[in-house]
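Structure data follow from input.txt (compact mmCIF, C-alpha atoms):
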```
# COMPACT_ATOMS: atom_id res chain seq x y z
CA MET A 1145 -3.53 53.26 18.08
CA THR A 1146 -4.61 52.90 14.48
CA ALA A 1147 -8.07 51.68 13.51
CA ALA A 1148 -6.54 48.44 12.19
CA THR A 1149 -4.78 47.75 15.48
CA ARG A 1150 -7.96 48.48 17.42
CA SER A 1151 -9.90 46.11 15.20
CA LEU A 1152 -7.28 43.38 15.64
CA ARG A 1153 -7.40 43.80 19.41
CA ARG A 1154 -11.15 43.37 19.26
CA TRP A 1155 -10.77 40.16 17.24
CA GLY A 1156 -8.20 39.04 19.79
CA ILE A 1157 -10.69 39.57 22.61
CA ILE A 1158 -13.34 37.62 20.67
CA HIS A 1159 -10.89 34.77 20.03
CA LYS A 1160 -9.86 34.66 23.67
CA TRP A 1161 -13.30 34.62 25.22
CA THR A 1162 -15.13 32.37 22.75
CA SER A 1163 -12.26 29.87 23.03
CA LEU A 1164 -12.04 30.01 26.81
CA ILE A 1165 -15.76 29.44 27.32
CA CYS A 1166 -16.05 26.48 24.97
CA THR A 1167 -12.66 24.79 25.45
CA VAL A 1168 -13.58 22.44 28.32
CA PHE A 1169 -16.65 21.25 26.42
CA MET A 1170 -14.78 20.99 23.13
CA LEU A 1171 -12.17 18.83 24.86
CA LEU A 1172 -14.98 16.60 26.15
CA LEU A 1173 -16.48 16.42 22.65
CA CYS A 1174 -13.15 15.64 20.99
CA ILE A 1175 -12.26 12.95 23.53
CA THR A 1176 -15.67 11.23 23.49
CA GLY A 1177 -15.92 11.70 19.72
CA LEU A 1178 -12.70 9.77 19.10
CA PRO A 1179 -14.06 6.31 20.07
CA LEU A 1180 -17.39 7.17 18.42
CA ILE A 1181 -15.66 7.34 15.02
CA PHE A 1182 -14.97 3.62 15.44
CA HIS A 1183 -18.15 2.68 17.32
CA GLU A 1184 -19.00 -0.31 15.09
CA GLU A 1185 -15.51 -1.78 15.37
CA ILE A 1186 -15.46 -1.24 19.15
CA ASP A 1187 -18.89 -2.84 19.56
CA ASP A 1188 -17.75 -5.80 17.47
CA VAL A 1189 -14.75 -6.35 19.73
CA LEU A 1190 -16.51 -5.76 23.06
CA HIS A 1191 -19.86 -7.45 22.40
CA SER A 1192 -20.69 -10.68 20.68
CA SER A 1193 -23.77 -10.76 18.49
CA VAL A 1194 -25.63 -13.61 16.83
CA LYS A 1195 -24.70 -13.81 13.15
CA ALA A 1196 -27.43 -13.86 10.53
CA ALA A 1197 -27.72 -17.07 8.48
CA GLU A 1198 -25.38 -17.39 5.48
CA VAL A 1199 -27.52 -17.38 2.36
CA PRO A 1200 -26.65 -17.62 -1.34
CA PRO A 1201 -26.66 -14.24 -3.13
CA GLY A 1202 -30.05 -13.29 -4.49
CA THR A 1203 -32.00 -14.89 -1.65
CA PRO A 1204 -35.23 -12.91 -1.25
CA PRO A 1205 -35.95 -11.25 2.11
CA ALA A 1206 -38.39 -12.86 4.53
CA ASN A 1207 -42.02 -11.77 4.62
CA LEU A 1208 -42.00 -8.70 6.88
CA ASP A 1209 -45.20 -9.62 8.72
CA ARG A 1210 -43.72 -13.00 9.65
CA LEU A 1211 -40.47 -11.30 10.71
CA LEU A 1212 -42.41 -8.78 12.78
CA GLY A 1213 -44.49 -11.58 14.38
CA ASN A 1214 -41.30 -13.43 15.39
CA ALA A 1215 -39.85 -10.22 16.81
CA MET A 1216 -42.94 -9.41 18.88
CA ALA A 1217 -43.06 -12.98 20.24
CA ASN A 1218 -39.72 -12.11 21.85
CA ALA A 1219 -41.00 -8.82 23.31
CA PRO A 1220 -44.13 -9.67 25.35
CA GLY A 1221 -46.21 -6.66 26.34
CA LYS A 1222 -44.43 -4.34 23.89
CA VAL A 1223 -45.60 -2.68 20.67
CA PRO A 1224 -43.52 -2.01 17.55
CA HIS A 1225 -42.58 1.61 16.79
CA PHE A 1226 -40.11 1.25 13.94
CA LEU A 1227 -38.78 -1.35 11.55
CA ILE A 1228 -35.22 -0.50 10.53
CA TRP A 1229 -32.99 -1.99 7.83
CA ASP A 1230 -29.43 -2.32 9.17
CA ARG A 1231 -27.16 -0.02 7.12
CA ASP A 1232 -24.02 -1.95 8.01
CA ASP A 1233 -25.28 -5.52 7.85
CA PRO A 1234 -27.50 -6.16 4.80
CA SER A 1235 -28.75 -9.46 6.26
CA ALA A 1236 -30.12 -7.99 9.51
CA MET A 1237 -32.93 -5.68 10.53
CA PHE A 1238 -34.07 -4.08 13.77
CA VAL A 1239 -37.50 -3.78 15.31
CA SER A 1240 -37.64 -0.88 17.76
CA VAL A 1241 -40.26 -1.56 20.47
CA GLY A 1242 -41.73 0.42 23.38
CA PRO A 1243 -44.28 -0.21 26.15
CA THR A 1244 -47.05 1.74 24.33
CA ILE A 1245 -47.33 3.37 20.93
CA THR A 1246 -47.11 6.87 22.46
CA SER A 1247 -44.18 6.12 24.80
CA ASP A 1248 -40.90 8.05 24.42
CA PRO A 1249 -39.07 6.37 21.51
CA SER A 1250 -35.65 7.33 22.90
CA LYS A 1251 -36.32 4.72 25.62
CA ASN A 1252 -37.14 2.00 23.08
CA THR A 1253 -35.32 -1.32 22.96
CA LEU A 1254 -34.03 -2.92 19.76
CA ILE A 1255 -34.67 -6.47 18.56
CA ARG A 1256 -32.27 -7.77 15.89
CA MET A 1257 -33.81 -10.01 13.25
CA ASP A 1258 -32.50 -12.09 10.36
CA LEU A 1259 -33.61 -10.39 7.13
CA HIS A 1260 -33.66 -13.60 5.08
CA THR A 1261 -35.04 -16.20 7.49
CA GLY A 1262 -37.15 -13.78 9.56
CA ALA A 1263 -35.77 -15.42 12.71
CA PHE A 1264 -34.96 -13.71 16.00
CA LEU A 1265 -31.21 -13.01 16.42
CA ASP A 1266 -30.77 -11.11 19.69
CA ALA A 1267 -31.98 -8.12 21.70
CA PRO A 1268 -28.85 -6.44 23.02
CA ASP A 1269 -29.05 -3.89 25.84
CA VAL A 1270 -27.02 -1.12 24.23
CA THR A 1271 -27.42 1.27 27.17
CA ALA A 1272 -24.70 -0.51 29.16
CA ARG A 1273 -22.19 -0.28 26.34
CA PHE A 1274 -19.05 1.85 26.38
CA THR A 1275 -20.00 3.37 23.01
CA TYR A 1276 -23.47 4.30 24.32
CA ILE A 1277 -21.99 6.11 27.32
CA MET A 1278 -19.60 7.97 25.00
CA LEU A 1279 -22.51 8.82 22.70
CA LYS A 1280 -24.62 10.21 25.56
CA LEU A 1281 -21.71 12.27 26.88
CA HIS A 1282 -21.05 13.50 23.36
CA THR A 1283 -24.63 14.43 22.43
CA ASP A 1284 -26.23 15.73 25.63
CA MET A 1285 -24.03 14.89 28.66
CA PHE A 1286 -27.00 12.83 29.98
CA ALA A 1287 -28.99 16.09 30.28
CA GLY A 1288 -31.57 15.58 27.52
CA LEU A 1289 -32.61 18.37 25.15
CA PRO A 1290 -31.20 21.20 27.33
CA GLY A 1291 -27.83 19.42 27.35
CA LYS A 1292 -27.97 19.04 23.59
CA LEU A 1293 -28.82 22.68 22.97
CA PHE A 1294 -26.13 23.78 25.42
CA LEU A 1295 -23.50 21.78 23.54
CA GLY A 1296 -24.86 23.33 20.33
CA LEU A 1297 -24.22 26.77 21.81
CA MET A 1298 -20.67 25.72 22.71
CA GLY A 1299 -20.31 24.58 19.09
CA ILE A 1300 -21.34 28.02 17.86
CA LEU A 1301 -18.73 29.61 20.14
CA PHE A 1302 -16.18 27.13 18.74
CA CYS A 1303 -17.02 28.25 15.19
CA VAL A 1304 -16.67 31.93 16.20
CA ALA A 1305 -13.34 31.07 17.84
CA ILE A 1306 -12.13 29.47 14.59
CA ILE A 1307 -13.17 32.44 12.46
CA SER A 1308 -11.62 34.97 14.85
CA GLY A 1309 -8.59 32.68 14.95
CA ILE A 1310 -8.16 33.12 11.20
CA VAL A 1311 -8.15 36.91 11.67
CA VAL A 1312 -5.58 36.91 14.48
CA TYR A 1313 -3.42 34.41 12.58
CA ALA A 1314 -2.40 37.19 10.20
CA PRO A 1315 -0.57 39.49 12.66
CA SER A 1316 0.94 36.47 14.33
CA MET A 1317 2.51 35.36 11.05
CA ARG A 1318 3.56 38.78 9.78
CA LYS A 1319 7.25 37.98 10.04
CA LEU A 1320 7.12 34.23 9.77
CA ARG A 1321 7.01 31.91 6.82
CA PHE A 1322 4.10 29.45 6.57
CA GLY A 1323 4.69 26.37 8.66
CA THR A 1324 7.32 27.95 10.88
CA TYR A 1325 8.14 25.79 13.89
CA ARG A 1326 10.82 27.30 16.10
CA ALA A 1327 11.95 24.02 17.60
CA ARG A 1328 14.85 25.43 19.62
CA ARG A 1329 12.87 28.14 21.37
CA THR A 1330 11.07 28.06 24.70
CA ARG A 1331 7.91 26.03 25.07
CA VAL A 1332 5.58 29.02 24.80
CA VAL A 1333 7.03 29.89 21.38
CA ARG A 1334 6.98 26.27 20.20
CA TRP A 1335 3.40 25.81 21.33
CA LEU A 1336 2.35 29.06 19.75
CA ASP A 1337 3.76 27.76 16.46
CA ILE A 1338 1.98 24.43 16.91
CA HIS A 1339 -1.29 26.22 17.75
CA ASN A 1340 -1.00 28.46 14.69
CA LEU A 1341 0.07 25.71 12.30
CA ALA A 1342 -2.48 23.09 13.35
CA GLY A 1343 -5.20 25.72 13.73
CA ILE A 1344 -4.80 27.16 10.24
CA LEU A 1345 -4.31 23.77 8.53
CA LEU A 1346 -7.49 22.38 10.06
CA VAL A 1347 -9.68 25.46 9.55
CA ALA A 1348 -11.98 23.91 6.94
CA TRP A 1349 -12.36 20.58 8.71
CA THR A 1350 -12.96 22.01 12.20
CA LEU A 1351 -15.47 24.52 10.83
CA VAL A 1352 -17.39 21.83 8.94
CA VAL A 1353 -17.35 19.26 11.75
CA GLY A 1354 -18.09 21.98 14.32
CA PHE A 1355 -21.00 23.50 12.45
CA THR A 1356 -22.55 20.19 11.35
CA GLY A 1357 -22.33 19.18 15.02
CA VAL A 1358 -24.32 22.29 15.91
CA ILE A 1359 -26.95 21.39 13.31
CA ASN A 1360 -27.18 17.89 14.79
CA THR A 1361 -28.05 19.35 18.20
CA TRP A 1362 -31.17 20.78 16.56
CA ALA A 1363 -32.35 17.35 15.32
CA ASP A 1364 -35.23 17.12 17.80
CA LEU A 1365 -36.45 20.58 16.84
CA VAL A 1366 -36.15 19.80 13.13
CA LEU A 1367 -38.23 16.67 13.66
CA LYS A 1368 -40.91 18.69 15.45
CA MET A 1369 -40.93 21.25 12.63
CA TRP A 1370 -41.37 18.47 10.08
CA GLN A 1371 -44.18 16.87 12.09
CA PHE A 1372 -46.13 20.09 12.32
CA GLY A 1373 -45.21 21.12 8.77
CA GLN A 1374 -44.96 18.59 5.98
CA LEU A 1375 -46.28 15.53 7.84
CA ALA A 1376 -49.35 17.43 9.06
CA GLU A 1377 -49.95 18.67 5.50
CA MET A 1378 -49.63 15.21 3.98
CA THR A 1379 -52.10 13.70 6.44
CA ALA A 1380 -54.44 16.69 6.87
CA GLN A 1381 -57.49 14.89 5.47
CA TYR A 1382 -57.00 12.02 7.94
CA ARG A 1383 -56.61 14.16 11.04
CA ASP A 1384 -59.93 13.21 12.61
CA ARG A 1385 -59.80 9.56 11.67
CA SER A 1386 -59.27 7.14 14.52
CA VAL A 1387 -56.57 4.50 14.69
CA PRO A 1388 -57.46 1.57 12.38
CA GLU A 1389 -58.80 -1.50 14.20
CA LYS A 1390 -56.73 -3.89 12.17
CA LEU A 1391 -53.60 -2.86 10.29
CA THR A 1392 -53.12 -3.84 6.67
CA PRO A 1393 -50.15 -6.25 6.13
CA LEU A 1394 -46.78 -4.55 6.57
CA ASN A 1395 -45.12 -6.43 3.72
CA GLY A 1396 -47.69 -5.16 1.21
CA ALA A 1397 -47.41 -1.59 2.53
CA VAL A 1398 -43.62 -1.60 2.05
CA ASP A 1399 -44.01 -3.02 -1.48
CA VAL A 1400 -46.52 -0.32 -2.41
CA ALA A 1401 -44.12 2.36 -1.13
CA ALA A 1402 -41.09 0.88 -2.94
CA ASN A 1403 -43.04 0.65 -6.21
CA ALA A 1404 -44.31 4.21 -5.84
CA VAL A 1405 -40.77 5.59 -5.70
CA PRO A 1406 -38.64 3.74 -8.25
CA GLY A 1407 -34.88 3.65 -7.71
CA MET A 1408 -35.11 3.95 -3.94
CA THR A 1409 -35.02 1.25 -1.27
CA PRO A 1410 -36.73 1.20 2.13
CA SER A 1411 -34.63 2.46 5.04
CA PHE A 1412 -37.14 2.31 7.88
CA VAL A 1413 -40.87 2.11 8.56
CA ALA A 1414 -42.65 4.14 11.23
CA PHE A 1415 -45.80 2.47 12.54
CA PRO A 1416 -49.13 4.32 12.82
CA GLY A 1417 -49.23 6.54 15.91
CA THR A 1418 -45.48 7.06 16.27
CA LEU A 1419 -43.54 10.34 16.06
CA PHE A 1420 -42.73 9.90 12.38
CA SER A 1421 -46.21 9.06 11.12
CA SER A 1422 -49.90 9.82 11.49
CA LYS A 1423 -52.31 7.76 13.56
CA SER A 1424 -53.51 5.85 10.52
CA HIS A 1425 -50.48 5.52 8.24
CA TYR A 1426 -47.39 3.46 7.85
CA ALA A 1427 -44.62 5.93 6.96
CA VAL A 1428 -42.09 4.12 4.78
CA PHE A 1429 -38.85 6.12 4.51
CA LEU A 1430 -36.92 5.35 1.33
CA ARG A 1431 -33.31 6.10 0.53
CA GLY A 1432 -31.15 6.38 -2.61
CA GLU A 1433 -28.03 4.42 -3.48
CA THR A 1434 -25.09 6.88 -3.54
CA PRO A 1435 -23.37 8.00 -0.31
CA LEU A 1436 -25.22 11.32 -0.60
CA THR A 1437 -28.68 10.15 -1.67
CA SER A 1438 -28.59 7.27 0.82
CA ARG A 1439 -28.80 9.95 3.52
CA LEU A 1440 -31.70 11.83 1.95
CA LEU A 1441 -34.82 10.00 3.03
CA LYS A 1442 -38.15 10.27 1.25
CA PRO A 1443 -41.31 9.37 3.15
CA ALA A 1444 -44.14 7.46 1.46
CA LEU A 1445 -47.31 7.35 3.53
CA ILE A 1446 -49.35 4.18 3.20
CA ASP A 1447 -52.90 4.12 4.51
CA ALA A 1448 -52.79 1.43 7.20
CA GLU A 1449 -56.46 0.57 6.66
CA THR A 1450 -56.57 0.20 2.88
CA GLY A 1451 -52.87 -0.42 2.10
CA LYS A 1452 -52.97 2.28 -0.60
CA LEU A 1453 -50.45 5.07 -1.14
CA THR A 1454 -51.60 8.40 0.31
CA ASP A 1455 -48.62 10.58 -0.63
CA ALA A 1456 -44.85 10.53 -1.17
CA ARG A 1457 -42.76 13.68 -1.04
CA ASP A 1458 -39.16 14.81 -0.78
CA MET A 1459 -38.43 16.13 2.67
CA PRO A 1460 -38.15 19.92 3.13
CA TRP A 1461 -34.75 21.68 2.99
CA TYR A 1462 -34.34 21.89 6.76
CA VAL A 1463 -34.62 18.11 7.13
CA SER A 1464 -32.30 17.52 4.15
CA THR A 1465 -29.75 19.88 5.71
CA LEU A 1466 -29.86 17.82 8.91
CA PHE A 1467 -29.47 14.57 6.96
CA ILE A 1468 -26.46 15.85 4.98
CA SER A 1469 -24.84 17.30 8.08
CA GLN A 1470 -24.82 13.89 9.76
CA PRO A 1471 -22.16 12.09 7.65
CA LEU A 1472 -20.09 15.29 7.53
CA HIS A 1473 -20.01 15.25 11.31
CA PHE A 1474 -19.53 11.50 11.85
CA GLY A 1475 -16.96 10.87 9.06
CA ASP A 1476 -18.60 7.52 8.32
CA TYR A 1477 -19.05 7.98 4.57
CA GLY A 1478 -15.67 7.08 3.09
CA GLY A 1479 -14.61 3.74 4.54
CA MET A 1480 -11.93 3.02 7.13
CA PRO A 1481 -9.27 5.38 5.68
CA LEU A 1482 -11.62 8.34 6.11
CA LYS A 1483 -12.36 7.26 9.69
CA ILE A 1484 -8.62 7.17 10.42
CA ILE A 1485 -8.15 10.64 8.91
CA TRP A 1486 -11.10 11.82 11.03
CA ALA A 1487 -9.38 10.43 14.13
CA VAL A 1488 -6.03 12.09 13.31
CA LEU A 1489 -7.73 15.45 12.71
CA ASP A 1490 -9.68 15.00 15.96
CA VAL A 1491 -6.42 14.45 17.88
CA LEU A 1492 -4.90 17.52 16.22
CA THR A 1493 -7.96 19.50 17.33
CA ILE A 1494 -7.24 18.39 20.90
CA VAL A 1495 -3.66 19.70 20.37
CA ILE A 1496 -5.06 23.06 19.21
CA LEU A 1497 -7.34 23.32 22.25
CA TRP A 1498 -4.63 22.26 24.69
CA THR A 1499 -1.93 24.59 23.33
CA GLY A 1500 -4.52 27.38 23.27
CA VAL A 1501 -5.25 27.00 26.98
CA TYR A 1502 -1.53 26.84 27.75
CA LEU A 1503 -0.80 30.02 25.77
CA TRP A 1504 -3.54 31.87 27.60
CA LEU A 1505 -2.23 30.75 31.00
CA ARG A 1506 1.36 31.69 30.16
CA ARG A 1507 0.47 35.09 28.82
CA ARG A 1508 -1.60 35.79 31.88
CA LYS A 1509 1.35 34.88 34.07
CA SER A 1510 3.78 37.00 32.09
CA GLY A 1511 1.36 39.91 32.04
CA VAL A 1512 1.01 40.13 28.27
CA SER A 1513 -2.63 40.00 27.30
CA VAL A 1514 -3.65 38.06 24.23
CA GLU A 1515 -5.03 41.22 22.65
CA ARG A 1516 -1.79 43.09 23.05
CA SER A 1517 0.30 40.23 21.82
CA ILE A 1518 -1.89 39.92 18.77
CA ALA A 1519 -1.74 43.61 18.02
CA ASN A 1520 2.03 43.49 18.45
CA SER A 1521 3.17 40.03 17.50
CA SER A 1522 6.71 40.26 18.81
CA ALA A 1523 5.42 40.96 22.32
CA VAL A 1524 4.61 37.29 22.78
CA GLU A 1525 8.14 36.22 22.13
CA ASN A 1526 9.65 38.97 24.24
CA ALA A 1527 7.41 38.15 27.15
CA ALA A 1528 8.18 34.49 26.76
CA LEU A 1529 11.91 35.14 26.73
CA GLU A 1530 11.72 37.37 29.78
CA ALA A 1531 9.58 34.89 31.66
CA SER A 1532 11.86 31.95 31.03
CA MET B 1110 13.97 31.72 10.02
CA ASN B 1111 15.07 35.33 9.75
CA SER B 1112 12.83 37.25 12.12
CA ARG B 1113 14.01 40.55 10.68
CA ALA B 1114 12.48 39.71 7.32
CA ALA B 1115 10.15 42.27 5.81
CA HIS B 1116 6.46 42.08 6.73
CA ARG B 1117 4.67 39.50 4.70
CA SER B 1118 1.60 40.43 2.70
CA LEU B 1119 -1.82 38.93 3.34
CA THR B 1120 -1.49 36.92 0.13
CA GLN B 1121 1.75 35.43 1.42
CA ILE B 1122 0.24 34.70 4.82
CA PHE B 1123 -2.99 33.17 3.59
CA GLY B 1124 -1.89 31.63 0.27
CA VAL B 1125 -1.09 28.14 1.52
CA PRO B 1126 -3.87 28.05 4.14
CA LEU B 1127 -6.42 28.96 1.47
CA LEU B 1128 -5.18 26.17 -0.79
CA VAL B 1129 -5.33 23.66 2.09
CA ALA B 1130 -8.85 24.81 2.97
CA ILE B 1131 -10.02 24.36 -0.64
CA LEU B 1132 -8.45 20.88 -0.78
CA SER B 1133 -10.11 19.98 2.54
CA GLY B 1134 -13.43 21.10 1.11
CA VAL B 1135 -12.92 18.92 -1.96
CA GLY B 1136 -12.04 16.00 0.32
CA LEU B 1137 -15.11 16.51 2.51
CA VAL B 1138 -17.47 16.59 -0.47
CA SER B 1139 -15.98 13.97 -2.80
CA ALA B 1140 -16.63 10.95 -0.56
CA LEU B 1141 -20.27 12.07 -0.39
CA VAL B 1142 -20.59 12.06 -4.18
CA GLY B 1143 -19.58 8.47 -4.84
CA ASP B 1144 -17.52 5.45 -3.83
CA GLY B 1145 -14.27 4.00 -5.17
CA TRP B 1146 -12.24 6.76 -6.81
CA TRP B 1147 -14.30 9.43 -5.09
CA ASP B 1148 -13.32 7.94 -1.73
CA ALA B 1149 -9.66 7.78 -2.73
CA MET B 1150 -9.79 11.44 -3.75
CA SER B 1151 -11.32 12.30 -0.40
CA TRP B 1152 -8.59 10.44 1.52
CA SER B 1153 -5.78 12.14 -0.33
CA ALA B 1154 -7.28 15.63 -0.15
CA LEU B 1155 -8.24 15.44 3.55
CA GLY B 1156 -4.98 13.71 4.40
CA ILE B 1157 -3.03 16.77 3.25
CA PRO B 1158 -3.65 19.03 6.28
CA ALA B 1159 -2.67 16.21 8.67
CA LEU B 1160 0.38 15.31 6.59
CA LEU B 1161 1.55 18.93 6.34
CA TYR B 1162 1.33 19.30 10.11
CA PHE B 1163 3.64 16.36 10.73
CA VAL B 1164 6.01 17.37 7.93
CA PHE B 1165 6.50 20.86 9.37
CA ILE B 1166 6.84 19.74 12.99
CA TRP B 1167 9.18 16.81 12.33
CA ARG B 1168 11.36 18.53 9.79
CA ARG B 1169 12.19 21.37 12.14
CA SER B 1170 12.52 19.35 15.34
CA PRO B 1171 16.03 19.01 16.82
CA ARG B 1172 17.21 15.40 16.82
```
How would this structure read if it were set down as structure tokens?
Amino acid sequence: MTAATRSLRRWGIIHKWTSLICTVFMLLLCITGLPLIFHEEIDDVLHSSVKAAEVPPGTPPANLDRLLGNAMANAPGKVPHFLIWDRDDPSAMFVSVGPTITSDPSKNTLIRMDLHTGAFLDAPDVTARFTYIMLKLHTDMFAGLPGKLFLGLMGILFCVAIISGIVVYAPSMRKLRFGTYRARRTRVVRWLDIHNLAGILLVAWTLVVGFTGVINTWADLVLKMWQFGQLAEMTAQYRDRSVPEKLTPLNGAVDVAANAVPGMTPSFVAFPGTLFSSKSHYAVFLRGETPLTSRLLKPALIDAETGKLTDARDMPWYVSTLFISQPLHFGDYGGMPLKIIWAVLDVLTIVILWTGVYLWLRRRKSGVSVERSIANSSAVENAALEAS
Amino acid sequence: MNSRAAHRSLTQIFGVPLLVAILSGVGLVSALVGDGWWDAMSWSALGIPALLYFVFIWRRSPR
């Protein structure tokens, strides 16, 4: 056996095992990911929501303190954690509330408010929704951080499977023209051609969506790093200060932040004492206007006692990486046509996974190992012909 | 396809895949850069791998 053949066999073993281990989970991720591409559209069809008032263009937004007051009147016994501008509906906002300021924000409930009138719209229970169940299955399989990190590990195996797949594609195609589909041959040959063709065509997309998915599983850790890194630095001089008795008006704090960072608009506000802020600051997160810069948030910390700006900084590279990896994973940054392309490529990925499992099962049955068939490409066909 | 054809070189094997991968990359990035034409560029570039798949499978399928 030559060194090249030995090396190819090794790549074949890597491709086989990384694929086999992650396939079941990748199938789950592809199937649950498909409806998630269209989660807004699905929610619109399945759940009615109160529409915000129609206002003439140029109508100024409501005073945020009044809006917040109206929201809290509809959430007795709760405290506000975050104020969020709706990305998809420019005339609505959300107030995210929890039982106490230190309670787990992932258990928060959302109150939808009218941005222009400041009136209460509705407070939907999203946890019963089809899209929420898909999202939980997709992100952590209802197993919290361990589930998330586990799926991240499966994503890494998926990426290794893709890269080793590129290597073993070469011997498989040694005698075949690009795009060969031997339609009149047995199923194992046809499915091998489908696996090779779809696999190699989708290499860039599957690698990007796979790897950005892995990065997304680290979101909680990235947040912790930011809290103990940049956020701690920015608020170091306030560390020993207690929570302000009375908070300065929210509307003024947001104005100060928006004026401090020209060209950016507020995306969400974290209240003092929450995960994204210090005990004595409003953290106003601002975003840019292009598809890219609208994902890159910039925090401006406003002293909640004096209403003055403490500091505004760009977020560190590891947070920016997370922010950029989100649209690249979700496919929600190029309108409906991009979503449809995302869905088609997702279905083709399912085809790659499915044909891959089938090929492994057939070769096992016919006694030709994947490694051998890769090292000697014609063995696959011969075995297939003998078996059928 | 003639299966007795001479072995193909790596350039022949990976030429088209490399081009498709570069186009996919352009498609993935362009919609991030801007809207309008940038989006249209993204749709056409990322649509190519999907389109090629169906072209190759349908063209060679027995009717």
So that I can check the surroundings of stretch 1134-1149 of chain B, please list as a list in words every protein, DNA and RNA residue that reaches within 7 Å of it, counting only C-alpha atoms and ignoring chain neighbours fewer than 3 positions away. Ala1348, Thr1434, Pro1435, Leu1436, Tyr1477 and Gly1478 of chain A; Ala1130, Ile1131, Trp1152, Ser1153, Ala1154 and Leu1155 of chain B
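Proximity of B:Phe1163, B:Gly1124, B:Leu1132, B:Pro1158 to chain A, computed with only C-alpha atoms, is greatest for B:Pro1158.
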Find the residues around A:Ile1277 up to 12 Å (all atoms listed in the file counted), leave out those fewer than 3 positions away in its own chain, and share them as a PyMOL selection string. chain A and resi 1176-1177+1179-1180+1183+1270-1274+1280-1286
Write out as a Markdown table a residue-level contact list of chain A versus chain B with cut-off 9 Å: for each qualifying residue the closest pair of atoms and the distance in Å to one decimal, counting only C-alpha atoms, rows sorted by chain and residue number upward.
```
| residue | atom | partner | partner_atom | distance |
| --- | --- | --- | --- | --- |
| A:Tyr1313 | CA | B:Ile1122 | CA | 8.6 |
| A:Ala1314 | CA | B:Ile1122 | CA | 6.5 |
| A:Met1317 | CA | B:Ile1122 | CA | 6.7 |
| A:Arg1318 | CA | B:Arg1117 | CA | 5.2 |
| A:Lys1319 | CA | B:His1116 | CA | 5.3 |
| A:Leu1320 | CA | B:Ser1112 | CA | 6.9 |
| A:Arg1321 | CA | B:Ile1122 | CA | 7.6 |
| A:Phe1322 | CA | B:Ile1122 | CA | 6.7 |
| A:Gly1323 | CA | B:Phe1165 | CA | 5.8 |
| A:Thr1324 | CA | B:Phe1165 | CA | 7.3 |
| A:Tyr1325 | CA | B:Arg1169 | CA | 6.2 |
| A:Arg1326 | CA | B:Arg1169 | CA | 7.3 |
| A:Ala1327 | CA | B:Ser1170 | CA | 5.2 |
| A:Arg1328 | CA | B:Pro1171 | CA | 7.1 |
| A:Ile1338 | CA | B:Ile1166 | CA | 7.8 |
| A:Leu1341 | CA | B:Tyr1162 | CA | 6.9 |
| A:Ala1342 | CA | B:Tyr1162 | CA | 6.3 |
| A:Ile1344 | CA | B:Pro1126 | CA | 6.2 |
| A:Leu1345 | CA | B:Pro1158 | CA | 5.3 |
| A:Leu1346 | CA | B:Pro1158 | CA | 6.3 |
| A:Val1347 | CA | B:Ala1130 | CA | 6.7 |
| A:Ala1348 | CA | B:Ala1130 | CA | 5.1 |
| A:Trp1349 | CA | B:Ser1133 | CA | 6.6 |
| A:Val1352 | CA | B:Leu1137 | CA | 8.7 |
| A:Thr1434 | CA | B:Gly1143 | CA | 5.9 |
| A:Pro1435 | CA | B:Leu1141 | CA | 5.1 |
| A:Leu1436 | CA | B:Leu1141 | CA | 5.0 |
| A:Thr1437 | CA | B:Val1142 | CA | 8.7 |
| A:Pro1471 | CA | B:Leu1141 | CA | 8.3 |
| A:Leu1472 | CA | B:Leu1137 | CA | 7.2 |
| A:Gly1475 | CA | B:Leu1137 | CA | 8.8 |
| A:Tyr1477 | CA | B:Ala1140 | CA | 6.4 |
| A:Gly1478 | CA | B:Ala1140 | CA | 5.4 |
| A:Gly1479 | CA | B:Asp1148 | CA | 7.7 |
| A:Pro1481 | CA | B:Trp1152 | CA | 6.6 |
| A:Leu1482 | CA | B:Trp1152 | CA | 5.9 |
| A:Ile1485 | CA | B:Gly1156 | CA | 6.3 |
| A:Trp1486 | CA | B:Leu1155 | CA | 8.8 |
| A:Val1488 | CA | B:Ala1159 | CA | 7.1 |
| A:Leu1489 | CA | B:Ala1159 | CA | 6.5 |
| A:Leu1492 | CA | B:Ala1159 | CA | 8.0 |
```
A:Ile1228: which residues within 8 Å, counting all atoms listed in the file, same-chain residues fewer than 4 positions away excluded, as a PyMOL selection string? chain A and resi 1237-1240+1411-1413
For atom CA of A:Ile1186 and atom CA of A:Asp1266, quote the distance in Å rounded to one decimal.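 The value is 18.2 Å.
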Work out how far apart atom CA of A:Val1495 and atom CA of A:Ile1181 are and give it in Å to one decimal.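 Pair atom CA of A:Val1495 / atom CA of A:Ile1181 returns 18.0 Å.
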Exercise on stretch 1114-1133 of chain B, axis-aligned box with 5 Å per side, report centre and edge lengths in Å to one decimal, as JSON:
```
{"center_x": 1.2, "center_y": 31.1, "center_z": 3.3, "size_x": 32.6, "size_y": 32.3, "size_z": 18.1}
```
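Counting from atom CA of A:Leu1295, the distance to atom CA of A:Lys1368 is 19.4 Å.
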Can you pull out every residue within 10 Å of A:Leu1212, counting all atoms listed in the file, but drop anything in the same chain fewer than 2 positions away, and send it as JSON, numbers by chain? {"A": [1207, 1208, 1209, 1210, 1214, 1215, 1216, 1217, 1224, 1227, 1238, 1239, 1255, 1257, 1262, 1263, 1264, 1394, 1395]}
